[in-house]
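Peer 1: Structure in C-alpha coordinates, see below.
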Amino acid sequence: MSSSSEKSFAPISLVTVETQLPVKESQVDFRPSKKPKDNQSQKHMKPKTILTALAVALLAPGALYATTATTTPVGYVTETLKPNITNLVGLTVHSPTVFSGVITGEASDKLTVAGANFTTLLTAGATYILELPDGTIQEITSWTATELTTPQDVSGVVTPNTTVLNLRKAPTVAEIFGAANQVGLTVSTDGSTAACDTILVPNGLGGFNTYFYYNDGVDQAWIDPGFNFVADVPIVYTDALLVRRVAGTDKDLVVTGEVKKTPTKLVAIAGDNYFGAIYPAGNTLDSSTLQTQVTPSVDGSPVLADLILFPNGTGGFGTNLYYNDGVDQAWIDPGFNFTGPTAFTSGYLFTNKGALKTLTHVPDPTVFSSL
(Lines give C-alpha, C1' and ligand atoms only; values in the text may rest on other atoms or scores of the structure.)
Protein backbone atom coordinates (compact mmCIF):
# COMPACT_ATOMS: atom_id res chain seq x y z
CA MET A 1 0.00 0.00 0.00
CA SER A 2 1.30 3.42 -0.87
CA SER A 3 -0.15 6.72 0.16
CA SER A 4 0.77 10.33 -0.16
CA SER A 5 -0.43 13.22 1.93
CA GLU A 6 0.81 16.71 2.54
CA LYS A 7 -0.02 19.54 4.91
CA SER A 8 -0.50 23.06 3.67
CA PHE A 9 -1.07 26.33 5.43
CA ALA A 10 -3.18 27.62 2.59
CA PRO A 11 -6.90 27.92 3.41
CA ILE A 12 -7.71 24.92 1.18
CA SER A 13 -5.36 22.05 0.39
CA LEU A 14 -6.23 19.35 -2.11
CA VAL A 15 -4.66 16.07 -1.09
CA THR A 16 -4.70 13.07 -3.38
CA VAL A 17 -4.36 9.69 -1.72
CA GLU A 18 -3.48 6.70 -3.87
CA THR A 19 -4.12 3.43 -2.13
CA GLN A 20 -3.00 0.06 -3.41
CA LEU A 21 -5.44 -2.56 -2.22
CA PRO A 22 -3.64 -5.90 -2.17
CA VAL A 23 -6.05 -8.76 -2.65
CA LYS A 24 -5.24 -12.28 -1.62
CA GLU A 25 -6.59 -15.33 -3.37
CA SER A 26 -8.10 -18.08 -1.27
CA GLN A 27 -5.73 -20.74 -0.02
CA VAL A 28 -7.06 -24.26 0.34
CA ASP A 29 -3.99 -26.11 1.68
CA PHE A 30 -5.19 -26.08 5.28
CA ARG A 31 -2.50 -27.24 7.68
CA PRO A 32 -3.79 -27.09 11.28
CA SER A 33 -0.51 -28.22 12.80
CA LYS A 34 1.40 -25.12 11.66
CA LYS A 35 1.60 -21.61 13.03
CA PRO A 36 1.18 -18.60 10.73
CA LYS A 37 4.15 -17.93 8.48
CA ASP A 38 5.51 -14.40 8.39
CA ASN A 39 6.04 -12.35 5.21
CA GLN A 40 3.70 -14.48 3.15
CA SER A 41 0.69 -12.23 2.76
CA GLN A 42 1.92 -10.75 -0.51
CA LYS A 43 2.47 -14.02 -2.38
CA HIS A 44 -0.66 -14.01 -4.52
CA MET A 45 -1.81 -10.43 -4.21
CA LYS A 46 -3.13 -8.38 -7.09
CA PRO A 47 -3.16 -4.60 -6.64
CA LYS A 48 -6.20 -2.48 -7.23
CA THR A 49 -5.94 1.30 -7.20
CA ILE A 50 -8.47 3.63 -5.65
CA LEU A 51 -7.87 7.36 -6.11
CA THR A 52 -9.38 9.58 -3.47
CA ALA A 53 -9.14 13.37 -3.62
CA LEU A 54 -9.55 14.82 -0.14
CA ALA A 55 -10.26 18.57 0.01
CA VAL A 56 -9.26 19.76 3.49
CA ALA A 57 -9.39 23.28 4.92
CA LEU A 58 -6.34 23.41 7.15
CA LEU A 59 -5.94 27.02 8.24
CA ALA A 60 -8.06 30.14 8.10
CA PRO A 61 -6.57 33.43 9.40
CA GLY A 62 -8.55 35.45 11.97
CA ALA A 63 -8.56 39.21 12.41
CA LEU A 64 -6.52 39.11 15.62
CA TYR A 65 -5.65 35.46 16.16
CA ALA A 66 -4.44 32.54 14.06
CA THR A 67 -7.59 30.38 13.98
CA THR A 68 -7.57 26.78 12.80
CA ALA A 69 -10.68 25.81 10.84
CA THR A 70 -11.40 22.45 9.28
CA THR A 71 -14.07 21.20 6.93
CA THR A 72 -15.22 17.66 6.31
CA PRO A 73 -12.86 16.08 3.73
CA VAL A 74 -14.52 15.34 0.41
CA GLY A 75 -13.34 13.47 -2.65
CA TYR A 76 -14.05 10.76 -5.18
CA VAL A 77 -13.50 7.05 -5.53
CA THR A 78 -13.34 5.17 -8.83
CA GLU A 79 -14.38 1.52 -8.94
CA THR A 80 -13.74 -0.57 -12.04
CA LEU A 81 -16.65 -2.87 -12.91
CA LYS A 82 -15.25 -5.77 -14.90
CA PRO A 83 -17.23 -7.84 -17.41
CA ASN A 84 -18.08 -11.53 -17.05
CA ILE A 85 -17.88 -11.52 -13.25
CA THR A 86 -19.85 -10.36 -10.22
CA ASN A 87 -18.17 -7.21 -8.89
CA LEU A 88 -18.47 -6.55 -5.15
CA VAL A 89 -18.24 -2.81 -4.40
CA GLY A 90 -19.12 -0.57 -1.50
CA LEU A 91 -19.65 3.14 -0.97
CA THR A 92 -16.61 4.66 0.76
CA VAL A 93 -17.43 8.33 0.28
CA HIS A 94 -20.86 9.55 1.21
CA SER A 95 -23.61 12.10 0.66
CA PRO A 96 -22.91 15.34 2.52
CA THR A 97 -24.16 15.90 6.04
CA VAL A 98 -27.39 17.89 5.78
CA PHE A 99 -27.92 18.41 9.50
CA SER A 100 -25.90 18.19 12.70
CA GLY A 101 -27.35 19.07 16.08
CA VAL A 102 -27.73 18.17 19.72
CA ILE A 103 -30.53 15.80 20.69
CA THR A 104 -32.65 17.56 23.29
CA GLY A 105 -35.07 14.74 24.05
CA GLU A 106 -35.64 11.04 23.45
CA ALA A 107 -38.50 8.66 24.04
CA SER A 108 -38.54 5.13 22.67
CA ASP A 109 -38.35 5.56 18.87
CA LYS A 110 -38.47 9.36 18.88
CA LEU A 111 -35.56 11.82 18.95
CA THR A 112 -36.21 15.51 19.45
CA VAL A 113 -33.96 18.37 18.37
CA ALA A 114 -35.36 21.65 19.68
CA GLY A 115 -35.17 24.44 17.14
CA ALA A 116 -34.78 22.15 14.12
CA ASN A 117 -37.04 22.41 11.09
CA PHE A 118 -36.87 18.96 9.49
CA THR A 119 -40.03 19.51 7.43
CA THR A 120 -38.22 22.24 5.52
CA LEU A 121 -34.72 20.77 5.58
CA LEU A 122 -35.50 17.18 4.55
CA THR A 123 -37.09 15.96 1.32
CA ALA A 124 -40.31 13.99 1.63
CA GLY A 125 -39.97 10.44 0.29
CA ALA A 126 -36.19 10.32 0.73
CA THR A 127 -34.29 8.15 3.21
CA TYR A 128 -31.78 9.72 5.57
CA ILE A 129 -29.04 8.03 7.56
CA LEU A 130 -28.91 9.13 11.18
CA GLU A 131 -25.42 8.74 12.69
CA LEU A 132 -24.69 8.72 16.42
CA PRO A 133 -21.23 9.09 18.01
CA ASP A 134 -21.01 5.46 19.16
CA GLY A 135 -21.41 4.28 15.56
CA THR A 136 -25.14 3.52 15.67
CA ILE A 137 -26.91 4.34 12.42
CA GLN A 138 -30.64 4.40 11.68
CA GLU A 139 -32.62 4.77 8.46
CA ILE A 140 -34.93 7.76 8.84
CA THR A 141 -38.04 8.01 6.65
CA SER A 142 -40.46 9.79 8.99
CA TRP A 143 -40.18 13.12 10.79
CA THR A 144 -41.96 16.22 12.04
CA ALA A 145 -40.51 19.71 12.39
CA THR A 146 -38.39 18.85 15.44
CA GLU A 147 -38.74 15.06 15.83
CA LEU A 148 -37.24 12.07 14.03
CA THR A 149 -38.74 8.58 14.14
CA THR A 150 -36.18 5.76 14.34
CA PRO A 151 -36.78 2.11 13.35
CA GLN A 152 -35.27 0.93 16.65
CA ASP A 153 -35.17 2.39 20.14
CA VAL A 154 -31.77 4.11 20.46
CA SER A 155 -32.41 5.78 23.81
CA GLY A 156 -29.75 3.60 25.44
CA VAL A 157 -26.97 5.37 23.53
CA VAL A 158 -28.41 8.88 23.70
CA THR A 159 -27.87 11.48 26.42
CA PRO A 160 -30.27 14.40 25.97
CA ASN A 161 -28.61 17.81 25.62
CA THR A 162 -25.24 16.11 25.05
CA THR A 163 -25.40 13.58 22.19
CA VAL A 164 -24.95 15.04 18.71
CA LEU A 165 -26.66 13.45 15.70
CA ASN A 166 -25.74 13.79 12.04
CA LEU A 167 -28.06 13.27 9.10
CA ARG A 168 -27.05 12.50 5.54
CA LYS A 169 -29.28 11.48 2.63
CA ALA A 170 -28.96 7.91 1.38
CA PRO A 171 -28.08 8.04 -2.33
CA THR A 172 -30.45 6.36 -4.76
CA VAL A 173 -29.81 3.85 -7.54
CA ALA A 174 -30.13 6.66 -10.09
CA GLU A 175 -27.77 8.95 -8.18
CA ILE A 176 -25.08 6.26 -7.96
CA PHE A 177 -25.30 4.82 -11.49
CA GLY A 178 -26.80 7.80 -13.31
CA ALA A 179 -30.46 8.54 -14.00
CA ALA A 180 -29.91 7.55 -17.64
CA ASN A 181 -27.37 4.80 -16.85
CA GLN A 182 -24.38 7.07 -17.37
CA VAL A 183 -22.09 4.36 -15.98
CA GLY A 184 -22.89 2.38 -19.13
CA LEU A 185 -24.14 -0.93 -17.77
CA THR A 186 -25.47 -3.35 -20.39
CA VAL A 187 -29.20 -2.75 -20.67
CA SER A 188 -32.17 -5.07 -20.96
CA THR A 189 -34.22 -4.53 -24.11
CA ASP A 190 -37.12 -6.78 -23.11
CA GLY A 191 -37.29 -6.72 -19.29
CA SER A 192 -35.39 -10.00 -18.95
CA THR A 193 -32.20 -10.18 -16.89
CA ALA A 194 -30.74 -12.96 -19.03
CA ALA A 195 -28.47 -10.74 -21.14
CA CYS A 196 -28.04 -7.52 -19.14
CA ASP A 197 -25.97 -6.29 -16.22
CA THR A 198 -27.74 -6.47 -12.87
CA ILE A 199 -27.28 -4.74 -9.52
CA LEU A 200 -27.94 -6.88 -6.46
CA VAL A 201 -28.56 -5.15 -3.13
CA PRO A 202 -28.69 -7.14 0.15
CA ASN A 203 -32.21 -7.22 1.59
CA GLY A 204 -31.13 -7.83 5.20
CA LEU A 205 -32.56 -11.35 5.25
CA GLY A 206 -29.78 -13.15 3.41
CA GLY A 207 -31.15 -12.48 -0.06
CA PHE A 208 -30.96 -9.71 -2.64
CA ASN A 209 -33.10 -7.21 -4.48
CA THR A 210 -32.27 -7.11 -8.21
CA TYR A 211 -32.22 -3.92 -10.30
CA PHE A 212 -31.26 -3.22 -13.93
CA TYR A 213 -31.62 -0.63 -16.66
CA TYR A 214 -34.38 -1.12 -19.22
CA ASN A 215 -34.19 0.40 -22.70
CA ASP A 216 -36.32 -0.93 -25.55
CA GLY A 217 -35.55 2.02 -27.80
CA VAL A 218 -38.67 3.87 -26.68
CA ASP A 219 -38.84 3.65 -22.89
CA GLN A 220 -35.91 3.77 -20.50
CA ALA A 221 -35.90 3.27 -16.73
CA TRP A 222 -34.28 1.58 -13.77
CA ILE A 223 -36.57 -1.33 -12.88
CA ASP A 224 -36.70 -4.61 -10.98
CA PRO A 225 -37.77 -7.98 -12.49
CA GLY A 226 -41.39 -7.11 -11.65
CA PHE A 227 -41.19 -3.97 -13.83
CA ASN A 228 -41.34 -1.68 -10.81
CA PHE A 229 -39.46 1.61 -11.05
CA VAL A 230 -36.43 1.59 -8.73
CA ALA A 231 -34.49 4.75 -9.64
CA ASP A 232 -35.37 6.29 -6.27
CA VAL A 233 -34.57 3.22 -4.17
CA PRO A 234 -32.05 4.29 -1.47
CA ILE A 235 -28.72 2.53 -0.94
CA VAL A 236 -27.39 2.53 2.64
CA TYR A 237 -23.60 2.68 2.83
CA THR A 238 -23.32 -0.28 5.18
CA ASP A 239 -24.41 -2.52 2.29
CA ALA A 240 -22.05 -3.58 -0.47
CA LEU A 241 -23.46 -3.86 -3.98
CA LEU A 242 -22.99 -6.83 -6.26
CA VAL A 243 -22.81 -5.71 -9.88
CA ARG A 244 -23.17 -8.81 -12.04
CA ARG A 245 -21.87 -8.07 -15.50
CA VAL A 246 -22.22 -9.86 -18.80
CA ALA A 247 -19.64 -9.62 -21.58
CA GLY A 248 -18.32 -6.23 -22.49
CA THR A 249 -15.60 -3.83 -21.41
CA ASP A 250 -14.52 -2.33 -18.10
CA LYS A 251 -16.86 0.36 -16.78
CA ASP A 252 -15.84 3.01 -14.26
CA LEU A 253 -18.15 3.80 -11.37
CA VAL A 254 -17.10 7.16 -9.92
CA VAL A 255 -18.59 8.13 -6.56
CA THR A 256 -18.09 11.58 -5.06
CA GLY A 257 -18.84 12.57 -1.50
CA GLU A 258 -17.69 13.17 2.05
CA VAL A 259 -15.27 11.00 3.96
CA LYS A 260 -16.83 9.65 7.14
CA LYS A 261 -14.46 9.96 10.11
CA THR A 262 -16.51 8.32 12.87
CA PRO A 263 -17.18 4.65 13.78
CA THR A 264 -19.96 2.66 12.11
CA LYS A 265 -21.88 -0.24 13.62
CA LEU A 266 -22.69 -3.12 11.27
CA VAL A 267 -25.39 -5.64 12.14
CA ALA A 268 -24.37 -9.12 10.95
CA ILE A 269 -26.98 -11.83 10.60
CA ALA A 270 -25.97 -15.48 10.84
CA GLY A 271 -24.39 -16.48 7.53
CA ASP A 272 -23.19 -14.21 4.74
CA ASN A 273 -23.23 -10.42 5.03
CA TYR A 274 -22.13 -8.09 2.22
CA PHE A 275 -20.74 -4.95 3.83
CA GLY A 276 -19.32 -1.71 2.52
CA ALA A 277 -15.92 -0.79 3.93
CA ILE A 278 -17.24 2.73 4.77
CA TYR A 279 -13.81 4.40 4.63
CA PRO A 280 -11.86 5.09 1.41
CA ALA A 281 -8.30 4.45 2.58
CA GLY A 282 -6.08 3.24 5.37
CA ASN A 283 -8.09 0.41 6.84
CA THR A 284 -6.40 -2.97 7.10
CA LEU A 285 -7.49 -6.09 8.92
CA ASP A 286 -5.14 -5.18 11.77
CA SER A 287 -6.29 -1.56 12.10
CA SER A 288 -10.01 -2.38 11.80
CA THR A 289 -10.19 -3.72 15.42
CA LEU A 290 -12.52 -6.44 14.13
CA GLN A 291 -10.14 -9.03 15.64
CA THR A 292 -11.63 -8.19 19.04
CA GLN A 293 -15.18 -8.69 17.77
CA VAL A 294 -15.18 -11.77 15.54
CA THR A 295 -15.31 -15.42 16.51
CA PRO A 296 -11.68 -16.59 16.19
CA SER A 297 -10.20 -19.92 15.19
CA VAL A 298 -8.34 -21.72 17.97
CA ASP A 299 -6.59 -24.16 15.62
CA GLY A 300 -6.44 -22.38 12.25
CA SER A 301 -9.51 -24.13 10.90
CA PRO A 302 -12.04 -21.89 9.12
CA VAL A 303 -14.94 -24.20 9.96
CA LEU A 304 -16.14 -22.49 13.15
CA ALA A 305 -14.45 -19.10 12.78
CA ASP A 306 -15.98 -15.95 11.33
CA LEU A 307 -14.53 -15.16 7.91
CA ILE A 308 -13.75 -11.94 6.07
CA LEU A 309 -13.50 -12.40 2.31
CA PHE A 310 -12.11 -9.79 -0.07
CA PRO A 311 -12.87 -9.94 -3.83
CA ASN A 312 -9.78 -10.76 -5.89
CA GLY A 313 -10.79 -8.91 -9.06
CA THR A 314 -11.44 -12.04 -11.11
CA GLY A 315 -14.72 -13.18 -9.55
CA GLY A 316 -13.24 -15.05 -6.57
CA PHE A 317 -12.38 -14.20 -3.00
CA GLY A 318 -9.43 -14.23 -0.63
CA THR A 319 -10.36 -15.69 2.77
CA ASN A 320 -9.20 -14.31 6.12
CA LEU A 321 -9.83 -15.47 9.68
CA TYR A 322 -8.52 -14.48 13.08
CA TYR A 323 -6.30 -17.08 14.74
CA ASN A 324 -6.09 -17.20 18.53
CA ASP A 325 -4.90 -20.32 20.32
CA GLY A 326 -4.44 -18.53 23.63
CA VAL A 327 -0.75 -17.89 22.94
CA ASP A 328 -0.48 -16.59 19.38
CA GLN A 329 -2.94 -14.26 17.65
CA ALA A 330 -2.98 -13.07 14.05
CA TRP A 331 -5.08 -12.59 10.96
CA ILE A 332 -4.29 -15.48 8.62
CA ASP A 333 -5.54 -17.15 5.47
CA PRO A 334 -6.32 -20.88 5.35
CA GLY A 335 -2.71 -21.47 4.26
CA PHE A 336 -1.45 -19.98 7.56
CA ASN A 337 -0.01 -16.87 5.91
CA PHE A 338 -0.23 -13.60 7.84
CA THR A 339 -2.85 -11.26 6.29
CA GLY A 340 -3.14 -8.52 8.93
CA PRO A 341 -1.66 -5.81 6.65
CA THR A 342 -4.19 -6.60 3.90
CA ALA A 343 -6.19 -3.47 3.04
CA PHE A 344 -9.96 -3.54 2.87
CA THR A 345 -11.56 -3.54 -0.53
CA SER A 346 -14.53 -1.18 -0.87
CA GLY A 347 -16.92 -4.07 -0.37
CA TYR A 348 -16.36 -7.37 1.41
CA LEU A 349 -18.14 -10.51 2.53
CA PHE A 350 -18.41 -11.24 6.25
CA THR A 351 -19.46 -14.79 7.09
CA ASN A 352 -20.88 -14.90 10.59
CA LYS A 353 -20.67 -18.40 12.03
CA GLY A 354 -22.66 -17.50 15.14
CA ALA A 355 -25.84 -15.68 16.10
CA LEU A 356 -26.75 -12.10 15.20
CA LYS A 357 -23.95 -9.75 16.23
CA THR A 358 -22.98 -6.11 15.92
CA LEU A 359 -19.54 -5.16 14.64
CA THR A 360 -18.08 -1.69 15.08
CA HIS A 361 -15.94 -0.67 12.12
CA VAL A 362 -13.57 2.22 12.87
CA PRO A 363 -11.49 4.42 10.56
CA ASP A 364 -7.72 4.04 10.79
CA PRO A 365 -6.64 6.80 13.20
CA THR A 366 -3.26 7.19 11.51
CA VAL A 367 -5.04 8.27 8.31
CA PHE A 368 -8.09 10.12 9.60
CA SER A 369 -6.84 11.94 12.69
CA SER A 370 -5.22 14.64 10.52
CA LEU A 371 -8.26 15.21 8.30
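FYI, nothing fancy with the C-alpha coordinates labels: chains A, B, ... in order, residues from 1 per chain, ligands from 1 as they appear.
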Got a sec: who's within 12 Å of Thr193 in chain A, counting only C-alpha atoms, leaving out chain neighbours fewer than 6 positions off, as a tab-separated table (two decimals) with N, CA and C atoms, in the first residue's frame?
Peer 2:
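Wrote around.tsv, looks like this:
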chain	number	residue	atom	x	y	z
A	186	THR	N	-24.74	-2.73	-19.28
A	186	THR	CA	-25.47	-3.35	-20.39
A	186	THR	C	-26.95	-3.41	-20.06
A	187	VAL	N	-27.77	-2.91	-20.95
A	187	VAL	CA	-29.20	-2.75	-20.67
A	187	VAL	C	-29.99	-4.00	-21.05
A	199	ILE	N	-27.76	-5.23	-10.81
A	199	ILE	CA	-27.28	-4.74	-9.52
A	199	ILE	C	-28.04	-5.48	-8.43
A	200	LEU	N	-27.32	-6.13	-7.54
A	200	LEU	CA	-27.94	-6.88	-6.46
A	200	LEU	C	-27.63	-6.19	-5.13
A	210	THR	N	-32.94	-7.21	-6.91
A	210	THR	CA	-32.27	-7.11	-8.21
A	210	THR	C	-32.79	-5.91	-9.00
A	211	TYR	N	-31.87	-5.09	-9.51
A	211	TYR	CA	-32.22	-3.92	-10.30
A	211	TYR	C	-31.41	-3.92	-11.59
A	212	PHE	N	-31.97	-3.32	-12.66
A	212	PHE	CA	-31.26	-3.22	-13.93
A	212	PHE	C	-31.86	-2.09	-14.75
A	213	TYR	N	-31.15	-1.73	-15.82
A	213	TYR	CA	-31.62	-0.63	-16.66
A	213	TYR	C	-32.33	-1.18	-17.89
A	214	TYR	N	-33.53	-0.68	-18.12
A	214	TYR	CA	-34.38	-1.12	-19.22
A	214	TYR	C	-34.39	-0.06	-20.32
A	223	ILE	N	-35.44	-0.52	-13.34
A	223	ILE	CA	-36.57	-1.33	-12.88
A	223	ILE	C	-36.06	-2.57	-12.16
A	224	ASP	N	-36.99	-3.30	-11.53
A	224	ASP	CA	-36.70	-4.61	-10.98
A	224	ASP	C	-37.37	-5.66	-11.87
A	225	PRO	N	-37.18	-6.96	-11.61
A	225	PRO	CA	-37.77	-7.98	-12.49
A	225	PRO	C	-39.29	-7.94	-12.56
A	226	GLY	N	-39.93	-7.25	-11.61
A	226	GLY	CA	-41.39	-7.11	-11.65
A	226	GLY	C	-41.85	-5.87	-12.37
A	227	PHE	N	-40.91	-5.20	-13.07
A	227	PHE	CA	-41.19	-3.97	-13.83
A	227	PHE	C	-41.60	-2.81	-12.93
A	244	ARG	N	-23.41	-7.62	-11.21
A	244	ARG	CA	-23.17	-8.81	-12.04
A	244	ARG	C	-23.18	-8.39	-13.50
A	245	ARG	N	-22.01	-8.56	-14.15
A	245	ARG	CA	-21.87	-8.07	-15.50
A	245	ARG	C	-21.78	-9.20	-16.51
A	246	VAL	N	-22.36	-8.94	-17.67
A	246	VAL	CA	-22.22	-9.86	-18.80
A	246	VAL	C	-20.99	-9.42	-19.59
Peer 1: List as number ranges by chain the protein and nucleic acid residues near Lys353 in chain A, meaning an atom at most 10 Å away when only C-alpha atoms are counted, but skip any in the same chain fewer than 3 places from it.
Peer 2: A: 269-272, 294-295, 302-307, 350, 356
Peer 1: Enumerate the residues of range 128-317 of chain A with a DSSP assignment of strand (DSSP E), computed from the backbone, and present them as an MDAnalysis selection string.
Peer 2: chainID A and resid 128:131 137:140 142:143 147:149 164:169 198:202 208:215 220:223 241:244 251:258 264:268 271:276 307:311 317
Peer 1: Go through A:Val233, A:Val164, A:Leu349, A:Val173 and flag the residue nearest Gly125 in chain A, using only C-alpha atoms for the distances.
Peer 2: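 Closest candidate: A:Val233.
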